[in-house]
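Participant: Just dropping this structure here.
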Amino acid sequence: MSELLPALPTGYRARPASAEDLGAVHRLVAACEHELYGRPQTDAGGVAADFARPGLVPASDTLLVHDPDGRLAAHAWVNRRSKVDVHPGHRGRGLGAALLDWAEARARQADGGQIVQTVPDGDTAAVALLRSRGYQPMVTEWLLEFGLAEGAAPAVPEPPEGITVRPFRPGGTAAERDARAAHRLVQDAFDEWQPRRMDYEEWARHTVERPAFAPAMSVLAFAGDQLVGAAIALDLPDTGEGYLEQVAVRRDHRNRGIARLLLRHAFRTFQQRGRRSGTLWTHSNTGALDLYLRVGMTVRHSSTVHRKGLGAARPSV
């Protein structure tokens, strides 16, 4: 790893991340989000799930940059995708460019044919940096929200004929059965656009094993005893929001109003729990934006997934 360490401004030091650093990385990400959006969006469980990606080796695939006083100034990881965050108080010093160089070098070393990064459209400096390095836009992502007025519960439509809904069961063997059925449903539904299927363990780290997972706020739809739809919710009290990590409907039950039913059930539960809004991310490959707009959601902000093709790894000397 040492030959890949980037050149940094005087006084800054780089090292790989460890499990003990996750809290500091989360605080850094939250500071970046607060600067850009006026509020944090990522919970600690989301950061932990990123650092537990299959195949990611912290010693070679992560990097933390500390300032002369030992405070975390920036971080990056690379594992098929890449993420770079620089604390607002340390921008304009070349840290982002240095970590971008490191991420590309590490991706080449790992024989990656490309590198992918998602950057908020409002972060114009980061977008300009990526474009100057030859990254091209690939996919647009949108964060959508549904405002929840106090005391005004969202209307929930009647279920389609033969469809029943209930929340996730809260624990034990029954909860695991719900989770494994939801995993199969989501992976089958997302096969149309996601680049690879997640095994259960990876999927669970992003959903049902996160500390913020809210089984009582998550909704399952059944046709008889067959799971045909799921809306998996996270409770993010620090943001005052309920968040839908995933929404999926089995292909042979689409266009029946099941997605709208799941969304409205989740939003009503969010409102009953005192949340100010319900949010979710979607992107242009899913074709779901119009659905979310029709149920009354609006776009809060957008991001773009950028991709760059990489040449063969340089021989070591």
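Labels used: A, B, ... for chains in the order of the structure tokens, numbers from 1 for residues in each chain, and numbers from 1 for ligands as shown.
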Within 10 Å of His265 (chain A), counting only C-alpha atoms, which residues qualify if same-chain residues fewer than 6 places away don't, as a PyMOL selection string?
Facilitator: chain A and resi 154-157+165-167+217-220+231+259
Participant: Can I get the selection written as a compact mmCIF listing (two decimals), in the first residue's frame, with all heavy atoms?
Facilitator:
```
# COMPACT_ATOMS: atom_id res chain seq x y z
N PRO A 154 -51.40 10.57 5.81
CA PRO A 154 -51.56 10.32 4.38
C PRO A 154 -52.64 9.26 4.12
O PRO A 154 -52.75 8.28 4.85
CB PRO A 154 -50.18 9.81 3.94
CG PRO A 154 -49.25 10.26 5.01
CD PRO A 154 -50.04 10.29 6.28
N ALA A 155 -53.43 9.47 3.09
CA ALA A 155 -54.45 8.51 2.72
C ALA A 155 -53.80 7.24 2.20
O ALA A 155 -52.79 7.29 1.49
CB ALA A 155 -55.37 9.09 1.66
N VAL A 156 -54.36 6.10 2.56
CA VAL A 156 -53.85 4.80 2.11
C VAL A 156 -54.92 4.14 1.26
O VAL A 156 -56.06 3.97 1.71
CB VAL A 156 -53.49 3.89 3.30
CG1 VAL A 156 -53.06 2.51 2.83
CG2 VAL A 156 -52.39 4.54 4.14
N PRO A 157 -54.61 3.76 0.02
CA PRO A 157 -55.62 3.15 -0.84
C PRO A 157 -55.99 1.75 -0.39
O PRO A 157 -55.26 1.11 0.37
CB PRO A 157 -54.93 3.12 -2.22
CG PRO A 157 -53.46 3.07 -1.90
CD PRO A 157 -53.29 3.89 -0.65
N VAL A 165 -51.40 -6.72 3.42
CA VAL A 165 -50.15 -6.09 3.84
C VAL A 165 -49.99 -6.22 5.35
O VAL A 165 -50.96 -6.30 6.09
CB VAL A 165 -50.09 -4.60 3.44
CG1 VAL A 165 -50.14 -4.43 1.94
CG2 VAL A 165 -51.22 -3.81 4.09
N ARG A 166 -48.74 -6.26 5.77
CA ARG A 166 -48.40 -6.25 7.20
C ARG A 166 -46.97 -5.77 7.34
O ARG A 166 -46.19 -5.80 6.38
CB ARG A 166 -48.57 -7.64 7.81
CG ARG A 166 -47.62 -8.69 7.29
CD ARG A 166 -47.58 -9.90 8.22
NE ARG A 166 -46.84 -11.03 7.67
CZ ARG A 166 -45.51 -11.16 7.70
NH1 ARG A 166 -44.76 -10.18 8.23
NH2 ARG A 166 -44.91 -12.23 7.21
N PRO A 167 -46.57 -5.36 8.54
CA PRO A 167 -45.17 -4.99 8.76
C PRO A 167 -44.28 -6.22 8.89
O PRO A 167 -44.76 -7.35 9.04
CB PRO A 167 -45.22 -4.20 10.08
CG PRO A 167 -46.42 -4.74 10.78
CD PRO A 167 -47.41 -5.09 9.71
N MET A 217 -41.99 -0.10 10.77
CA MET A 217 -42.25 0.91 9.76
C MET A 217 -42.06 0.37 8.35
O MET A 217 -42.29 1.09 7.37
CB MET A 217 -41.34 2.12 10.00
CG MET A 217 -41.55 2.77 11.35
SD MET A 217 -40.23 3.91 11.86
CE MET A 217 -40.52 5.31 10.79
N SER A 218 -41.61 -0.87 8.25
CA SER A 218 -41.42 -1.53 6.96
C SER A 218 -42.69 -2.31 6.62
O SER A 218 -43.39 -2.81 7.51
CB SER A 218 -40.22 -2.47 7.01
OG SER A 218 -39.04 -1.78 7.36
N VAL A 219 -42.98 -2.44 5.33
CA VAL A 219 -44.25 -3.00 4.89
C VAL A 219 -44.01 -4.12 3.89
O VAL A 219 -43.21 -3.97 2.96
CB VAL A 219 -45.15 -1.92 4.24
CG1 VAL A 219 -46.56 -2.47 4.02
CG2 VAL A 219 -45.20 -0.66 5.09
N LEU A 220 -44.74 -5.23 4.07
CA LEU A 220 -44.69 -6.36 3.15
C LEU A 220 -46.07 -6.58 2.56
O LEU A 220 -47.09 -6.45 3.25
CB LEU A 220 -44.25 -7.62 3.88
CG LEU A 220 -42.88 -7.58 4.56
CD1 LEU A 220 -42.63 -8.87 5.33
CD2 LEU A 220 -41.78 -7.34 3.55
N ALA A 231 -41.35 -2.76 1.21
CA ALA A 231 -40.78 -1.43 1.42
C ALA A 231 -40.02 -1.49 2.74
O ALA A 231 -40.62 -1.65 3.80
CB ALA A 231 -41.88 -0.37 1.49
N ALA A 259 -47.04 -0.91 -5.36
CA ALA A 259 -45.99 0.02 -4.92
C ALA A 259 -46.61 1.24 -4.23
O ALA A 259 -46.13 1.68 -3.18
CB ALA A 259 -45.13 0.44 -6.10
```
Participant: Near Met138 (chain A), counting only C-alpha atoms, which residues have an atom at most 7 Å away, once you skip same-chain residues fewer than 4 positions from it, shown as a tab-separated table (two decimals) with N, CA and C atoms, in the first residue's frame?
Facilitator:
```
chain	number	residue	atom	x	y	z
A	305	VAL	N	-23.94	9.60	-11.14
A	305	VAL	CA	-22.91	8.56	-11.11
A	305	VAL	C	-21.99	8.79	-12.29
A	306	HIS	N	-20.71	8.97	-12.01
A	306	HIS	CA	-19.70	9.20	-13.04
A	306	HIS	C	-18.81	7.97	-13.19
A	307	ARG	N	-18.39	7.70	-14.40
A	307	ARG	CA	-17.56	6.52	-14.67
A	307	ARG	C	-16.35	6.92	-15.52
```
Participant: Excluding Ala212 (chain A) and its own-chain neighbours fewer than 4 positions away, which residues fall within 7 Å of it when counting only C-alpha atoms? Please give them as a PyMOL selection string.
Facilitator: chain A and resi 234-236
Participant: Using only C-alpha atoms, which residues sit within 8 Å of Leu72 (chain A) once same-chain residues fewer than 4 positions away are excluded, as a list of chain:residue names?
Facilitator: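 Here the qualifying residues turn out to be A:Ala24, A:Val25, A:Leu28, A:Leu64, A:Val65, A:His66, A:Asp67, A:His87.
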Participant: Using only C-alpha atoms, please write the residues we just selected to a file, as a tab-separated table (two decimals), in the first residue's frame.
Facilitator:
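result.tsv written:
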```
chain	number	residue	atom	x	y	z
A	24	ALA	CA	-15.00	9.57	12.89
A	25	VAL	CA	-15.75	8.76	9.25
A	28	LEU	CA	-16.93	13.58	8.53
A	64	LEU	CA	-7.89	8.40	5.94
A	65	VAL	CA	-6.18	11.80	5.86
A	66	HIS	CA	-5.55	13.60	9.15
A	67	ASP	CA	-4.52	17.21	9.57
A	87	HIS	CA	-14.29	17.96	5.31
```
Participant: Find the spatial neighbours of Arg131 (chain A), counting only C-alpha atoms, within a cut-off of 10 Å - ignore same-chain residues fewer than 5 positions away - and output them as a PyMOL selection string.
Facilitator: chain A and resi 125-126+136-137+306-308
Participant: Report the residues of region 58-206 of chain A whose backbone DSSP state falls under strand (DSSP E or B), written as a PyMOL selection string.
Facilitator: chain A and resi 62-66+72-79+81-86+114-120+136-147+163-167
Participant: Gly45 (chain A): which residues within 9 Å, counting only C-alpha atoms, same-chain residues fewer than 6 positions away excluded, as a PyMOL selection string?
Facilitator: chain A and resi 26+205-206+209-212
Participant: Excluding Phe267 (chain A) and its own-chain neighbours fewer than 6 positions away, which residues fall within 9 Å of it when counting only C-alpha atoms? Please give them as an MDAnalysis selection string.
Facilitator: chainID A and resid 146:148 153:154 217 242 277:278
Participant: Next, dump the selected residues to file, keeping only N, CA, C and O atoms, as a CSV table (one decimal), in the first residue's frame.
Facilitator:
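And here's part22.csv as it stands now:
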```
chain,number,residue,atom,x,y,z
A,146,PHE,N,-41.5,13.0,0.8
A,146,PHE,CA,-43.0,13.2,0.9
A,146,PHE,C,-43.2,13.9,2.2
A,146,PHE,O,-42.9,13.3,3.3
A,147,GLY,N,-43.7,15.1,2.2
A,147,GLY,CA,-43.9,15.9,3.4
A,147,GLY,C,-45.0,15.4,4.2
A,147,GLY,O,-46.1,14.9,3.7
A,148,LEU,N,-44.8,15.4,5.5
A,148,LEU,CA,-45.8,14.8,6.5
A,148,LEU,C,-46.2,15.9,7.5
A,148,LEU,O,-45.5,16.2,8.4
A,153,ALA,N,-52.8,12.5,8.5
A,153,ALA,CA,-52.2,11.2,8.0
A,153,ALA,C,-52.4,11.0,6.5
A,153,ALA,O,-53.5,11.3,6.0
A,154,PRO,N,-51.4,10.6,5.8
A,154,PRO,CA,-51.6,10.3,4.4
A,154,PRO,C,-52.6,9.3,4.1
A,154,PRO,O,-52.8,8.3,4.9
A,217,MET,N,-42.0,-0.1,10.8
A,217,MET,CA,-42.3,0.9,9.8
A,217,MET,C,-42.1,0.4,8.3
A,217,MET,O,-42.3,1.1,7.4
A,242,GLY,N,-38.3,9.5,8.1
A,242,GLY,CA,-38.3,8.0,7.8
A,242,GLY,C,-37.7,7.8,6.4
A,242,GLY,O,-38.0,8.6,5.5
A,277,SER,N,-41.0,13.9,7.3
A,277,SER,CA,-41.1,13.5,5.9
A,277,SER,C,-40.6,12.1,5.8
A,277,SER,O,-40.0,11.5,6.6
A,278,GLY,N,-41.0,11.5,4.6
A,278,GLY,CA,-40.5,10.2,4.2
A,278,GLY,C,-39.7,10.4,3.0
A,278,GLY,O,-40.0,11.2,2.1
```
